[in-house]
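Notes to accompany the following structure.
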Amino acid sequence: MTMAMTMTMTTTIERARGGRLTLALRVVLATSALALTTACGDGDTSSDGSAGGGTSGAGGAGGAAGMGGSAGSGPPCTRSACADSTTLEDCVDGSQVVVDCMAERGQLCEAGACVEPWTFGTPEWSTCPDEPLATSETLAEKAAYYDEIATRLHIHPDLKWIMSVQLGGTDTTPAVPETQATWGDVSQWHTGENDGLWNGLYLASQAYRYAVTRSDDALTNVKTILEGEVTRMKITGVTGIFTRQYIPPGVAGIACPTDDASYTEDAEKDDNHWVQVRDDGCIWDIELDTGQFTKREACGLDEFAGYCWLENVSKDEYAGHMFGLGAVQKLVDDPDVQAVVVDLLGQVGEHLVENKLRLIDWDGRVTEHGRFSPLGFDDFPGFNAAMGMDFLLMAAEATGRADLRDYYDRCMLRRGGDTSDCFATSIAPLDPFPTFFSSAGMYLGEFGCGSNYNNISMHMLSLAHLIWFEHDPVIRDLAQQTLDVDVVRAPNEPRAVMFQNNTLFDFIWASQKKLGPDSDGPAFDAVESGICQLKQFRASQAAADVTLPPRYQPFCLDRFDRDTGEFPREGAERCSSTFVWWGDPYNLGNCVGNAREIRMPTGYLLAYWMGRYYEFFDDAL
């Protein structure tokens, strides 16, 4: 046996008595590579008793010649077997190889192979066979229609992002019905300050769709949306900074604001304002002191002459952008796509490192909601910590850049080294970011009635990809623990995620929860609940008349002092919306139908294709 060892000092995070997170400095023996190999000689006996080394191909179970050496000269060469739930022992080219499935691939070991955690134990999922509010269409039929209408109606080829639309027509009657209308029939595009968020979620849906189907249409959609993502970053002139909104000239149904107030700079930068890119390639806006349009120093944007765009980008947009880009990086193997995604993720990571976890806008100021340090004092520490870690980890993994990985390990995880250059203020976090996870502020007020569902949604996305991209079992376990006890199954919280009738959250939980022999097993109830809600999801996203049944009564006040119910609405009883899984499921508003108003289908598509990818159901459902 040969084993190259080095002595390394590593700082790790451990859970001491009482549950408190502490730091411990350990001396670790590490091999020079992740795989430990042992030579297997000719005539070695494999685990099934057959002669010969190697794999089950040449030199496998048929007793073919070994890899050399004398009979019995080395230890047995074991074919694929799991030493434990994370360690695979395999015989490769006559050598015993030990693979840490978790550390190398983020996987578990089962039946002699590294497997995705959500497949461990080959769970059999219930598919909600008796849902009384189900539509007549199958899940696959609804997905096919929504995928088709997304490109036919909701994505203008010159805009390259998805939007809800208003069709031409009179009153509530469209001139061309939804089933036939194209983007050319749109009278108004419903653009808004969170375009980047919703667009990123649609991008993720197509990445999952491509991973399941290898569809050319899905790949084309990914490429189209990525073109828009590139524009969203290039138009700001700042590496790593997306715009909230951009509007090109000459597209019917969408135009830049015409009032001066929209372009007037904000002294505190706590309100968004528009800027123009003029023929000189420079940014122009209205200076607060003079009240006049002023040419700014930000120039070099000649390709965007005639555009306007909305500054002061926030975490909401980044939550969507990064979730979409991360999904594409994991799931779409097209080399051209990967080149774009790696570049965009690298720009975001570089920006955050250079600006000490802050989003610095075109004017050199920190955006209002643009801090990712636990002590940024613009949000709860655990919320910021998870999001910041998620973004840096994805950027480091995608690019392989040592500087991004160093910042993640040294500054965020405190794994040794000087941290004086890590943060922007003297009030820098002294502990590793995961120690803040439990302080995420998910459920606020009595019965959780004051909760911020935007933050719950963003936190779910952060934890989903942090767990998916993180292979270190200690950090991964901490993220899974906070997903479990602080968010999904938070004790004594009647509005915890597990009760919200939210398919997206259900599928994130089922795919990223701790699984394996030392867990409480798959999230069977969550998957069934998620499928039930998909079955209820209407087959059209046209605004529909919905009057809430009598069981939905005022119970308490939400964070805006509005009446909110005790029970979450069923999917069939919710209003058509931009993204149904993002809003407050306890709201009591009724819905007014309008066949001209067609919401984007992203909510259904993301949940559906995630469910298909994680094999919770198949195309027969």
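Residue numbering restarts at 1 for every chain of the structure tokens, chains are lettered A, B, ... in their displayed order, and ligands are numbered from 1 as they appear.
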Give me the residues of segment 526-614 of chain A that have any atom at most 12 Å from an atom of segment 177-183 of chain A; for each, the nearest atom pair and the distance in Å, rounded to one decimal. Use only C-alpha atoms, sort by chain and number, and format it as a tab-separated table.
residue	atom	partner	partner_atom	distance
A:Ala539	CA	A:Thr179	CA	11.2
A:Ser540	CA	A:Glu178	CA	8.7
A:Gln541	CA	A:Glu178	CA	9.4
A:Ala542	CA	A:Glu178	CA	7.9
A:Ala543	CA	A:Glu178	CA	11.4
A:Asn594	CA	A:Glu178	CA	11.4
A:Ala595	CA	A:Glu178	CA	7.8
A:Arg596	CA	A:Glu178	CA	7.9
A:Glu597	CA	A:Glu178	CA	9.3
A:Ile598	CA	A:Glu178	CA	7.7
A:Arg599	CA	A:Glu178	CA	10.9
A:Met600	CA	A:Glu178	CA	12.0
Within segment 541-607 of chain A, find each residue whose DSSP state, derived from the backbone, is strand (DSSP E), and express the selection as number ranges by chain. A: 542-543, 554-557, 563-565, 594-598
Given the selection you just returned, output its residues as a file containing N, CA, C and O atoms, formatted as a PDB file, in the first residue's frame.
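Dumped to out.pdb:
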ATOM      1  N   ALA A 542     -54.327  32.883 -17.306  1.00  0.00           N
ATOM      2  CA  ALA A 542     -55.164  34.079 -17.465  1.00  0.00           C
ATOM      3  C   ALA A 542     -55.785  34.418 -16.117  1.00  0.00           C
ATOM      4  O   ALA A 542     -56.136  33.525 -15.332  1.00  0.00           O
ATOM      5  N   ALA A 543     -55.895  35.721 -15.822  1.00  0.00           N
ATOM      6  CA  ALA A 543     -56.500  36.141 -14.566  1.00  0.00           C
ATOM      7  C   ALA A 543     -57.897  35.546 -14.446  1.00  0.00           C
ATOM      8  O   ALA A 543     -58.725  35.684 -15.347  1.00  0.00           O
ATOM      9  N   PRO A 554     -60.674  36.088   8.473  1.00  0.00           N
ATOM     10  CA  PRO A 554     -59.599  36.846   9.122  1.00  0.00           C
ATOM     11  C   PRO A 554     -59.183  36.208  10.441  1.00  0.00           C
ATOM     12  O   PRO A 554     -60.032  35.826  11.252  1.00  0.00           O
ATOM     13  N   PHE A 555     -57.881  36.078  10.624  1.00  0.00           N
ATOM     14  CA  PHE A 555     -57.346  35.431  11.828  1.00  0.00           C
ATOM     15  C   PHE A 555     -56.390  36.351  12.578  1.00  0.00           C
ATOM     16  O   PHE A 555     -56.392  36.423  13.801  1.00  0.00           O
ATOM     17  N   CYS A 556     -55.548  37.073  11.825  1.00  0.00           N
ATOM     18  CA  CYS A 556     -54.589  37.988  12.440  1.00  0.00           C
ATOM     19  C   CYS A 556     -54.162  38.995  11.373  1.00  0.00           C
ATOM     20  O   CYS A 556     -54.652  38.957  10.238  1.00  0.00           O
ATOM     21  N   LEU A 557     -53.263  39.892  11.739  1.00  0.00           N
ATOM     22  CA  LEU A 557     -52.777  40.897  10.802  1.00  0.00           C
ATOM     23  C   LEU A 557     -51.388  40.540  10.304  1.00  0.00           C
ATOM     24  O   LEU A 557     -50.535  40.079  11.076  1.00  0.00           O
ATOM     25  N   ASP A 563     -55.649  41.958   7.052  1.00  0.00           N
ATOM     26  CA  ASP A 563     -56.188  40.690   7.529  1.00  0.00           C
ATOM     27  C   ASP A 563     -55.551  39.529   6.781  1.00  0.00           C
ATOM     28  O   ASP A 563     -55.372  39.576   5.559  1.00  0.00           O
ATOM     29  N   THR A 564     -55.234  38.506   7.529  1.00  0.00           N
ATOM     30  CA  THR A 564     -54.676  37.298   6.930  1.00  0.00           C
ATOM     31  C   THR A 564     -55.325  36.090   7.585  1.00  0.00           C
ATOM     32  O   THR A 564     -55.787  36.168   8.731  1.00  0.00           O
ATOM     33  N   GLY A 565     -55.407  34.990   6.880  1.00  0.00           N
ATOM     34  CA  GLY A 565     -56.137  33.823   7.360  1.00  0.00           C
ATOM     35  C   GLY A 565     -55.316  32.915   8.244  1.00  0.00           C
ATOM     36  O   GLY A 565     -54.106  33.069   8.408  1.00  0.00           O
ATOM     37  N   ASN A 594     -59.885  38.299 -16.029  1.00  0.00           N
ATOM     38  CA  ASN A 594     -59.631  39.153 -17.185  1.00  0.00           C
ATOM     39  C   ASN A 594     -58.839  38.327 -18.194  1.00  0.00           C
ATOM     40  O   ASN A 594     -57.644  38.072 -17.997  1.00  0.00           O
ATOM     41  N   ALA A 595     -59.507  37.927 -19.267  1.00  0.00           N
ATOM     42  CA  ALA A 595     -58.871  37.039 -20.242  1.00  0.00           C
ATOM     43  C   ALA A 595     -57.756  37.708 -21.017  1.00  0.00           C
ATOM     44  O   ALA A 595     -56.989  37.031 -21.723  1.00  0.00           O
ATOM     45  N   ARG A 596     -57.616  39.038 -20.910  1.00  0.00           N
ATOM     46  CA  ARG A 596     -56.510  39.732 -21.582  1.00  0.00           C
ATOM     47  C   ARG A 596     -55.232  39.701 -20.760  1.00  0.00           C
ATOM     48  O   ARG A 596     -54.149  39.952 -21.291  1.00  0.00           O
ATOM     49  N   GLU A 597     -55.351  39.461 -19.454  1.00  0.00           N
ATOM     50  CA  GLU A 597     -54.195  39.464 -18.559  1.00  0.00           C
ATOM     51  C   GLU A 597     -53.682  38.043 -18.382  1.00  0.00           C
ATOM     52  O   GLU A 597     -54.332  37.205 -17.742  1.00  0.00           O
ATOM     53  N   ILE A 598     -52.518  37.762 -18.929  1.00  0.00           N
ATOM     54  CA  ILE A 598     -51.951  36.407 -18.882  1.00  0.00           C
ATOM     55  C   ILE A 598     -50.644  36.451 -18.093  1.00  0.00           C
ATOM     56  O   ILE A 598     -49.678  37.101 -18.522  1.00  0.00           O
TER      57      ILE A 598
END
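Picture a line from atom CA of Cys101 of chain A to atom CA of Gln512 of chain A; it runs 15.9 Å.
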Point-to-point distance in Å for atom CA of Phe567 of chain A and atom CA of Glu615 of chain A: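 Those two atoms sit 29.2 Å apart.
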If we count only C-alpha atoms, what is near Glu303 of chain A at a cut-off of 12 Å, once residues fewer than 2 positions away on the same chain are taken out, given as a ChimeraX atom specification? /A:231,234-237,248,277-282,299-301,305-307
Store the residues picked out above, limited to N, CA and C atoms, as an mmCIF file, in the first residue's frame.
data_model
loop_
_atom_site.group_PDB
_atom_site.id
_atom_site.type_symbol
_atom_site.label_atom_id
_atom_site.label_comp_id
_atom_site.auth_asym_id
_atom_site.auth_seq_id
_atom_site.Cartn_x
_atom_site.Cartn_y
_atom_site.Cartn_z
ATOM 1 N N THR A 231 -26.861 41.029 -20.970
ATOM 2 C CA THR A 231 -27.227 42.442 -21.148
ATOM 3 C C THR A 231 -27.491 43.105 -19.801
ATOM 4 N N LYS A 234 -24.008 43.869 -18.454
ATOM 5 C CA LYS A 234 -23.179 44.771 -19.260
ATOM 6 C C LYS A 234 -23.697 46.205 -19.230
ATOM 7 N N ILE A 235 -25.016 46.374 -19.184
ATOM 8 C CA ILE A 235 -25.581 47.710 -19.314
ATOM 9 C C ILE A 235 -25.269 48.592 -18.110
ATOM 10 N N THR A 236 -24.912 48.001 -16.975
ATOM 11 C CA THR A 236 -24.561 48.809 -15.806
ATOM 12 C C THR A 236 -23.134 49.325 -15.879
ATOM 13 N N GLY A 237 -22.309 48.686 -16.701
ATOM 14 C CA GLY A 237 -20.913 49.084 -16.805
ATOM 15 C C GLY A 237 -20.074 48.677 -15.612
ATOM 16 N N PRO A 248 -35.092 48.535 -23.973
ATOM 17 C CA PRO A 248 -34.490 48.996 -25.226
ATOM 18 C C PRO A 248 -35.485 49.855 -25.992
ATOM 19 N N VAL A 277 -29.073 55.884 -21.150
ATOM 20 C CA VAL A 277 -27.814 55.779 -21.887
ATOM 21 C C VAL A 277 -28.026 56.526 -23.200
ATOM 22 N N ARG A 278 -27.293 57.617 -23.389
ATOM 23 C CA ARG A 278 -27.498 58.446 -24.577
ATOM 24 C C ARG A 278 -26.487 58.089 -25.675
ATOM 25 N N ASP A 279 -26.563 58.814 -26.782
ATOM 26 C CA ASP A 279 -25.752 58.469 -27.949
ATOM 27 C C ASP A 279 -24.259 58.549 -27.691
ATOM 28 N N ASP A 280 -23.852 59.266 -26.649
ATOM 29 C CA ASP A 280 -22.428 59.342 -26.310
ATOM 30 C C ASP A 280 -21.962 58.132 -25.510
ATOM 31 N N GLY A 281 -22.886 57.193 -25.227
ATOM 32 C CA GLY A 281 -22.526 55.995 -24.468
ATOM 33 C C GLY A 281 -22.377 56.224 -22.985
ATOM 34 N N CYS A 282 -22.818 57.383 -22.514
ATOM 35 C CA CYS A 282 -22.699 57.729 -21.092
ATOM 36 C C CYS A 282 -24.060 57.698 -20.406
ATOM 37 N N CYS A 299 -19.318 55.901 -18.585
ATOM 38 C CA CYS A 299 -19.442 55.912 -20.045
ATOM 39 C C CYS A 299 -18.997 54.563 -20.619
ATOM 40 N N GLY A 300 -18.853 54.506 -21.929
ATOM 41 C CA GLY A 300 -18.428 53.275 -22.586
ATOM 42 C C GLY A 300 -19.565 52.308 -22.856
ATOM 43 N N LEU A 301 -20.807 52.799 -22.828
ATOM 44 C CA LEU A 301 -21.972 51.949 -23.020
ATOM 45 C C LEU A 301 -22.623 52.204 -24.376
ATOM 46 N N ALA A 305 -26.996 52.653 -26.439
ATOM 47 C CA ALA A 305 -27.541 53.995 -26.687
ATOM 48 C C ALA A 305 -29.038 53.909 -26.961
ATOM 49 N N GLY A 306 -29.800 54.761 -26.275
ATOM 50 C CA GLY A 306 -31.247 54.758 -26.409
ATOM 51 C C GLY A 306 -31.962 53.924 -25.378
ATOM 52 N N TYR A 307 -31.221 53.132 -24.613
ATOM 53 C CA TYR A 307 -31.806 52.328 -23.542
ATOM 54 C C TYR A 307 -31.991 53.188 -22.287
#
